[in-house]
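One file, upload-v7.pdb, carrying PDB, C-alpha atoms:
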ATOM      1  CA  MET A1208       0.000   0.000   0.000
ATOM      2  CA  GLU A1209       2.923   2.316   0.645
ATOM      3  CA  SER A1210       3.615   2.802  -3.053
ATOM      4  CA  THR A1211       0.008   3.825  -3.577
ATOM      5  CA  GLU A1212       0.039   6.183  -0.622
ATOM      6  CA  SER A1213       3.189   7.925  -1.772
ATOM      7  CA  SER A1214       1.220   9.628  -4.531
ATOM      8  CA  TYR A1215      -0.711  11.618  -1.968
ATOM      9  CA  VAL A1216       1.973  14.079  -0.954
ATOM     10  CA  SER A1217      -0.367  16.521  -2.643
ATOM     11  CA  SER A1218      -3.247  16.261  -5.021
ATOM     12  CA  PRO A1219      -3.075  18.426  -8.160
ATOM     13  CA  GLU A1220      -6.649  17.405  -8.913
ATOM     14  CA  ALA A1221      -7.866  18.737  -5.584
ATOM     15  CA  ALA A1222      -5.820  21.893  -6.038
ATOM     16  CA  ARG A1223      -7.460  22.548  -9.386
ATOM     17  CA  LYS A1224     -10.885  22.043  -7.896
ATOM     18  CA  ARG A1225     -10.136  24.448  -5.062
ATOM     19  CA  SER A1226      -8.952  27.109  -7.503
ATOM     20  CA  SER A1227     -12.396  27.272  -9.107
ATOM     21  CA  PRO A1228     -14.927  26.292  -6.422
ATOM     22  CA  PRO A1229     -18.603  26.102  -7.282
ATOM     23  CA  PRO A1230     -20.747  29.118  -6.394
ATOM     24  CA  ARG A1231     -21.769  29.144  -2.753
ATOM     25  CA  SER A1232     -24.543  30.869  -0.936
ATOM     26  CA  PRO A1233     -23.216  34.010   0.764
ATOM     27  CA  THR A1234     -24.929  33.058   4.008
ATOM     28  CA  SER A1235     -21.703  32.760   5.959
ATOM     29  CA  GLU A1236     -18.422  34.490   5.296
ATOM     30  CA  ASN A1237     -16.836  32.084   7.754
ATOM     31  CA  GLY A1238     -17.680  29.201   5.450
ATOM     32  CA  GLU A1239     -15.280  30.556   2.839
ATOM     33  CA  LYS A1240     -12.236  30.883   5.105
ATOM     34  CA  ALA A1241      -9.277  28.605   4.407
ATOM     35  CA  THR A1242      -8.760  26.305   7.355
ATOM     36  CA  TYR A1243      -7.898  22.730   8.333
ATOM     37  CA  ILE A1244      -8.476  19.927  10.824
ATOM     38  CA  ARG A1245      -6.080  17.222  11.937
ATOM     39  CA  PHE A1246      -7.385  14.017  13.517
ATOM     40  CA  LEU A1247      -6.197  10.518  14.357
ATOM     41  CA  VAL A1248      -7.081   7.215  12.716
ATOM     42  CA  SER A1249      -5.804   3.674  13.029
ATOM     43  CA  ASN A1250      -3.575   2.262  10.304
ATOM     44  CA  ALA A1251      -6.492   0.173   9.022
ATOM     45  CA  ALA A1252      -8.792   3.203   8.947
ATOM     46  CA  ALA A1253      -6.141   5.184   7.056
ATOM     47  CA  GLY A1254      -6.097   2.467   4.397
ATOM     48  CA  SER A1255      -9.876   2.641   4.207
ATOM     49  CA  VAL A1256      -9.776   6.395   3.640
ATOM     50  CA  ILE A1257      -7.208   5.946   0.859
ATOM     51  CA  GLY A1258      -9.096   3.102  -0.812
ATOM     52  CA  LYS A1259      -7.948   0.643  -3.439
ATOM     53  CA  GLY A1260      -5.508   2.379  -5.733
ATOM     54  CA  GLY A1261      -6.368   5.667  -4.057
ATOM     55  CA  SER A1262      -9.958   5.537  -5.284
ATOM     56  CA  THR A1263     -11.633   6.632  -2.055
ATOM     57  CA  ILE A1264      -9.385   9.579  -1.257
ATOM     58  CA  THR A1265      -9.687  10.787  -4.850
ATOM     59  CA  ASP A1266     -13.482  10.513  -4.700
ATOM     60  CA  PHE A1267     -13.723  12.341  -1.362
ATOM     61  CA  GLN A1268     -11.461  15.159  -2.547
ATOM     62  CA  SER A1269     -13.458  15.501  -5.739
ATOM     63  CA  ARG A1270     -16.819  15.556  -3.947
ATOM     64  CA  SER A1271     -15.784  17.998  -1.227
ATOM     65  CA  GLY A1272     -13.165  20.214  -2.866
ATOM     66  CA  ALA A1273     -10.997  19.694   0.231
ATOM     67  CA  ARG A1274      -7.448  18.348   0.306
ATOM     68  CA  ILE A1275      -6.686  15.178   2.301
ATOM     69  CA  GLN A1276      -3.163  14.382   3.540
ATOM     70  CA  LEU A1277      -1.972  11.481   5.684
ATOM     71  CA  SER A1278       1.118  10.807   7.733
ATOM     72  CA  ARG A1279       3.163   7.898   6.442
ATOM     73  CA  ASN A1280       2.646   4.303   7.450
ATOM     74  CA  HIS A1281       4.040   3.921  11.009
ATOM     75  CA  GLU A1282       4.288   7.693  11.494
ATOM     76  CA  PHE A1283       2.166   8.003  14.605
ATOM     77  CA  PHE A1284       1.045  10.775  16.897
ATOM     78  CA  PRO A1285       3.269  10.643  20.015
ATOM     79  CA  GLY A1286       2.019   8.234  22.654
ATOM     80  CA  THR A1287      -0.392   6.496  20.252
ATOM     81  CA  SER A1288      -0.337   3.965  17.426
ATOM     82  CA  ASP A1289      -2.548   6.177  15.264
ATOM     83  CA  ARG A1290      -1.739   8.057  12.089
ATOM     84  CA  ILE A1291      -2.687  11.664  11.423
ATOM     85  CA  ILE A1292      -5.031  12.858   8.706
ATOM     86  CA  MET A1293      -5.118  16.539   7.799
ATOM     87  CA  VAL A1294      -7.969  17.910   5.719
ATOM     88  CA  SER A1295      -7.800  21.477   4.439
ATOM     89  CA  GLY A1296      -9.924  23.850   2.413
ATOM     90  CA  THR A1297     -12.698  26.292   3.187
ATOM     91  CA  VAL A1298     -14.722  25.653   6.342
ATOM     92  CA  ASP A1299     -17.561  24.251   4.230
ATOM     93  CA  GLU A1300     -15.222  21.944   2.303
ATOM     94  CA  VAL A1301     -13.559  20.673   5.473
ATOM     95  CA  LEU A1302     -16.916  19.925   7.103
ATOM     96  CA  LYS A1303     -18.092  18.114   3.972
ATOM     97  CA  VAL A1304     -15.033  15.875   3.745
ATOM     98  CA  MET A1305     -15.052  15.185   7.498
ATOM     99  CA  GLU A1306     -18.609  13.911   7.195
ATOM    100  CA  LEU A1307     -17.650  11.710   4.238
ATOM    101  CA  ILE A1308     -14.668  10.234   6.100
ATOM    102  CA  LEU A1309     -16.405   9.696   9.449
ATOM    103  CA  ALA A1310     -19.505   8.215   7.814
ATOM    104  CA  LYS A1311     -17.368   5.718   5.881
ATOM    105  CA  LEU A1312     -15.405   4.691   8.973
ATOM    106  CA  LEU A1313     -18.607   4.373  10.988
ATOM    107  CA  ASN A1314     -20.214   2.227   8.291
ATOM    108  CA  GLU A1315     -17.255  -0.147   8.328
ATOM    109  CA  LEU A1316     -17.590  -0.798  12.067
ATOM    110  CA  ASN A1317     -20.587  -3.033  11.236
ATOM    111  CA  ILE A1318     -22.350  -2.166  14.477
ATOM    112  CA  GLU A1319     -25.476  -4.317  14.723
ATOM    113  CA  GLU A1320     -26.402  -4.021  18.392
ATOM    114  CA  ASN A1321     -29.563  -2.019  17.762
ATOM    115  CA  ASP A1322     -30.485  -0.637  14.382
ATOM    116  CA  ASP A1323     -32.840   1.886  16.008
ATOM    117  CA  VAL A1324     -30.091   3.511  18.057
ATOM    118  CA  GLU A1325     -27.281   5.435  16.384
ATOM    119  CA  PRO A1326     -23.872   4.222  17.570
ATOM    120  CA  ARG A1327     -21.766   6.599  19.641
ATOM    121  CA  THR A1328     -18.112   6.604  18.638
ATOM    122  CA  LYS A1329     -15.033   8.714  19.302
ATOM    123  CA  VAL A1330     -12.922  10.929  17.068
ATOM    124  CA  ARG A1331      -9.744  12.604  18.321
ATOM    125  CA  LEU A1332      -8.836  15.986  16.878
ATOM    126  CA  VAL A1333      -5.256  17.291  17.058
ATOM    127  CA  VAL A1334      -5.323  20.939  18.148
ATOM    128  CA  PRO A1335      -2.350  23.241  18.846
ATOM    129  CA  ASN A1336      -2.003  23.885  22.562
ATOM    130  CA  SER A1337      -2.041  27.626  21.898
ATOM    131  CA  SER A1338      -5.533  27.343  20.395
ATOM    132  CA  CYS A1339      -7.123  25.135  23.058
ATOM    133  CA  GLY A1340      -7.920  28.127  25.260
ATOM    134  CA  SER A1341     -10.355  29.476  22.676
ATOM    135  CA  ILE A1342     -12.245  26.156  22.747
ATOM    136  CA  ILE A1343     -12.329  26.061  26.546
ATOM    137  CA  GLY A1344     -13.342  29.700  27.035
ATOM    138  CA  LYS A1345     -13.338  31.707  30.248
ATOM    139  CA  GLY A1346     -14.137  29.387  33.126
ATOM    140  CA  GLY A1347     -14.929  26.623  30.625
ATOM    141  CA  ALA A1348     -17.939  28.533  29.295
ATOM    142  CA  THR A1349     -17.253  27.896  25.602
ATOM    143  CA  ILE A1350     -16.690  24.153  25.829
ATOM    144  CA  LYS A1351     -19.760  23.795  28.054
ATOM    145  CA  SER A1352     -21.895  25.605  25.471
ATOM    146  CA  PHE A1353     -20.470  23.383  22.700
ATOM    147  CA  ILE A1354     -21.343  20.257  24.683
ATOM    148  CA  GLU A1355     -24.884  21.483  25.300
ATOM    149  CA  GLU A1356     -25.472  22.529  21.696
ATOM    150  CA  SER A1357     -23.958  19.444  20.048
ATOM    151  CA  GLN A1358     -24.902  16.856  22.705
ATOM    152  CA  ALA A1359     -21.452  15.340  22.095
ATOM    153  CA  GLY A1360     -18.926  14.633  24.801
ATOM    154  CA  ILE A1361     -15.913  16.927  24.406
ATOM    155  CA  LYS A1362     -12.703  16.371  26.380
ATOM    156  CA  ILE A1363      -9.357  18.112  25.961
ATOM    157  CA  SER A1364      -6.266  16.188  27.022
ATOM    158  CA  PRO A1365      -3.750  17.826  29.368
ATOM    159  CA  GLN A1366      -0.554  19.005  27.740
ATOM    160  CA  ASP A1367       1.802  16.029  27.492
ATOM    161  CA  ASN A1368       5.277  16.934  28.697
ATOM    162  CA  ASN A1369       6.634  13.446  27.994
ATOM    163  CA  PHE A1370       7.506  14.423  24.429
ATOM    164  CA  TYR A1371       9.845  17.360  24.028
ATOM    165  CA  GLY A1372       8.535  19.893  21.552
ATOM    166  CA  LEU A1373       4.998  18.463  21.406
ATOM    167  CA  ASN A1374       2.759  21.502  21.114
ATOM    168  CA  ASP A1375      -0.519  19.753  20.326
ATOM    169  CA  ARG A1376      -3.288  18.320  22.467
ATOM    170  CA  LEU A1377      -6.066  15.859  21.672
ATOM    171  CA  VAL A1378      -9.705  16.945  21.672
ATOM    172  CA  THR A1379     -11.881  13.829  21.947
ATOM    173  CA  LEU A1380     -15.438  14.029  20.628
ATOM    174  CA  THR A1381     -17.847  11.270  21.667
ATOM    175  CA  GLY A1382     -21.290  10.879  20.149
ATOM    176  CA  THR A1383     -23.292   9.920  17.107
ATOM    177  CA  LEU A1384     -22.103  11.073  13.694
ATOM    178  CA  ASP A1385     -24.518  14.028  13.766
ATOM    179  CA  GLU A1386     -23.402  15.031  17.265
ATOM    180  CA  GLN A1387     -19.738  14.768  16.313
ATOM    181  CA  MET A1388     -20.246  16.810  13.163
ATOM    182  CA  ARG A1389     -22.075  19.545  15.073
ATOM    183  CA  ALA A1390     -19.242  19.630  17.622
ATOM    184  CA  ILE A1391     -16.650  19.790  14.824
ATOM    185  CA  GLU A1392     -18.554  22.640  13.185
ATOM    186  CA  LEU A1393     -18.646  24.621  16.452
ATOM    187  CA  ILE A1394     -14.977  23.944  17.237
ATOM    188  CA  LEU A1395     -13.801  24.703  13.700
ATOM    189  CA  SER A1396     -15.780  27.932  13.649
ATOM    190  CA  LYS A1397     -14.072  29.026  16.862
ATOM    191  CA  LEU A1398     -10.608  27.921  15.715
ATOM    192  CA  SER A1399     -11.022  29.752  12.410
ATOM    193  CA  GLU A1400     -11.256  33.002  14.383
ATOM    194  CA  ASP A1401      -7.864  32.301  15.959
ATOM    195  CA  PRO A1402      -4.972  33.725  13.854
ATOM    196  CA  HIS A1403      -2.487  31.384  15.558
ATOM    197  CA  TYR A1404      -4.490  28.372  14.396
ATOM    198  CA  SER A1405      -4.541  29.398  10.733
ATOM    199  CA  GLN A1406      -0.804  30.099  10.825
ATOM    200  CA  ALA A1407      -0.139  26.527  11.990
ATOM    201  CA  MET A1408      -1.731  25.079   8.836
ATOM    202  CA  HIS A1409       1.568  25.249   6.948
ATOM    203  CA  ALA A1410       3.847  24.416   9.866
ATOM    204  CA  PRO A1411       6.188  21.401   9.513
ATOM    205  CA  PHE A1412       4.560  18.217  10.731
ATOM    206  CA  SER A1413       6.869  15.260  11.245
ATOM    207  CA  TYR A1414       6.251  13.648  14.608
ATOM    208  CA  ALA A1415       7.596  10.312  13.451
ATOM    209  CA  ALA A1416      11.013  11.660  12.581
ATOM    210  CA  THR A1417      11.233  13.353  15.969
ATOM    211  CA  TYR A1418       9.560  11.000  18.400
ATOM    212  CA  ASN A1419       9.334   7.463  17.046
ATOM    213  CA  SER A1420      12.066   4.899  17.497
ATOM    214  CA  MET A1421      11.985   4.102  13.782
ATOM    215  CA  SER A1422      13.965   6.523  11.641
ATOM    216  CA  TYR A1423      12.842   7.921   8.322
ATOM    217  CA  ALA A1424      14.913   9.760   5.777
ATOM    218  CA  PRO A1425      13.932  13.424   5.725
ATOM    219  CA  ASN A1426      11.735  14.302   2.768
ATOM    220  CA  GLY A1427      11.618  10.632   1.856
ATOM    221  CA  ALA A1428       9.184   9.269  -0.701
ATOM    222  CA  GLY A1429       5.710   8.848   0.681
ATOM    223  CA  GLY A1430       5.820  11.750   3.134
ATOM    224  CA  LYS A1431       2.455  13.440   3.506
ATOM    225  CA  PHE A1432       3.470  16.386   5.677
ATOM    226  CA  PRO A1433       6.481  18.638   5.076
ATOM    227  CA  ASN A1434       9.563  17.707   7.071
ATOM    228  CA  PRO A1435      11.993  20.129   8.686
ATOM    229  CA  LYS A1436      15.137  20.570   6.623
ATOM    230  CA  ASN A1437      17.487  20.429   9.579
TER     231      ASN A1437
END
Kindly transcribe the structure held in the file into structure tokens.
Amino acid sequence: MESTESSYVSSPEAARKRSSPPPRSPTSENGEKATYIRFLVSNAAAGSVIGKGGSTITDFQSRSGARIQLSRNHEFFPGTSDRIIMVSGTVDEVLKVMELILAKLLNELNIEENDDVEPRTKVRLVVPNSSCGSIIGKGGATIKSFIEESQAGIKISPQDNNFYGLNDRLVTLTGTLDEQMRAIELILSKLSEDPHYSQAMHAPFSYAATYNSMSYAPNGAGGKFPNPKN
């Protein structure tokens, strides 16, 4: 699969689609802002998002207009065995592709406990520590309002000092797909107002090279996120 994945350093097709997006209703200026979300998936789930010969990732990018990037096989978020997916585009495009990805992963869980009850699952967002305060709000007011409005569970991990230089925290969303998507919409809307968050979209992202025991050649074939040059 690695040879297939290596073609997704960037997607010219997605870039072309983003350069001439379809007309959108001017109901929300925020929906047109360029932004991104990073979240964690298992290695198996990453393969599912890519699809056979890259078919699924190509389809999702085409349908949403967003760009999808993945960390390399065995490049994990520190302290986990999960890979990182970053989706970027306008707010509307990011929300669209997140729904496509989460719906596909949920469908593949084959949950058959009770067809009348929507399954509640978890998704872990990767958020810069400097931006977590805007999600929490003064005295926790913002996160409490997000929980009430979305009905999803929202928990922010403490800053992990076990990994030198780790400046991200995990925001875990628990709920049905609709609840998770509403929580993501609220969180993304708040993060999009934070200039520090938008600046981090193009920051180097190479946890594996820094934290994992396995070594990877810098800028090696198959890299999905830019690596530091030094």
A straight line from atom CA of Gly1258 of chain A to atom CA of Glu1315 of chain A spans 12.7 Å
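Residues matching the PyMOL selection byres ((chain A and resi 1349) around 12) in this structure come to Cys1339, Gly1340, Ser1341, Ile1342, Ile1343, Gly1344, Lys1345, Gly1346, Gly1347, Ala1348, Ile1350, Lys1351, Ser1352, Phe1353, Ile1354, Glu1355, Glu1356, Ile1361, Ala1390, Leu1393, Ile1394, Lys1397 and Leu1398 of chain A.
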Pick the closest to Leu1380 of chain A from A:Arg1245, A:Arg1331, A:His1403, A:Lys1259: which is it, counting only C-alpha atoms?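 Smallest distance to Leu1380 of chain A is found for A:Arg1331.
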Return as a VMD selection string the set of residues that the PyMOL selection byres ((chain A and resi 1288-1293) around 7) yields on the displayed structure. chain A and resid 1243 to 1250 1275 to 1278 1282 to 1284 1287 1294 to 1295
Selected residue of minimal separation from Met1388 of chain A among A:Gly1296, A:Gly1360, A:Gly1260, A:Pro1365, counting all atoms listed in the file: A:Gly1360
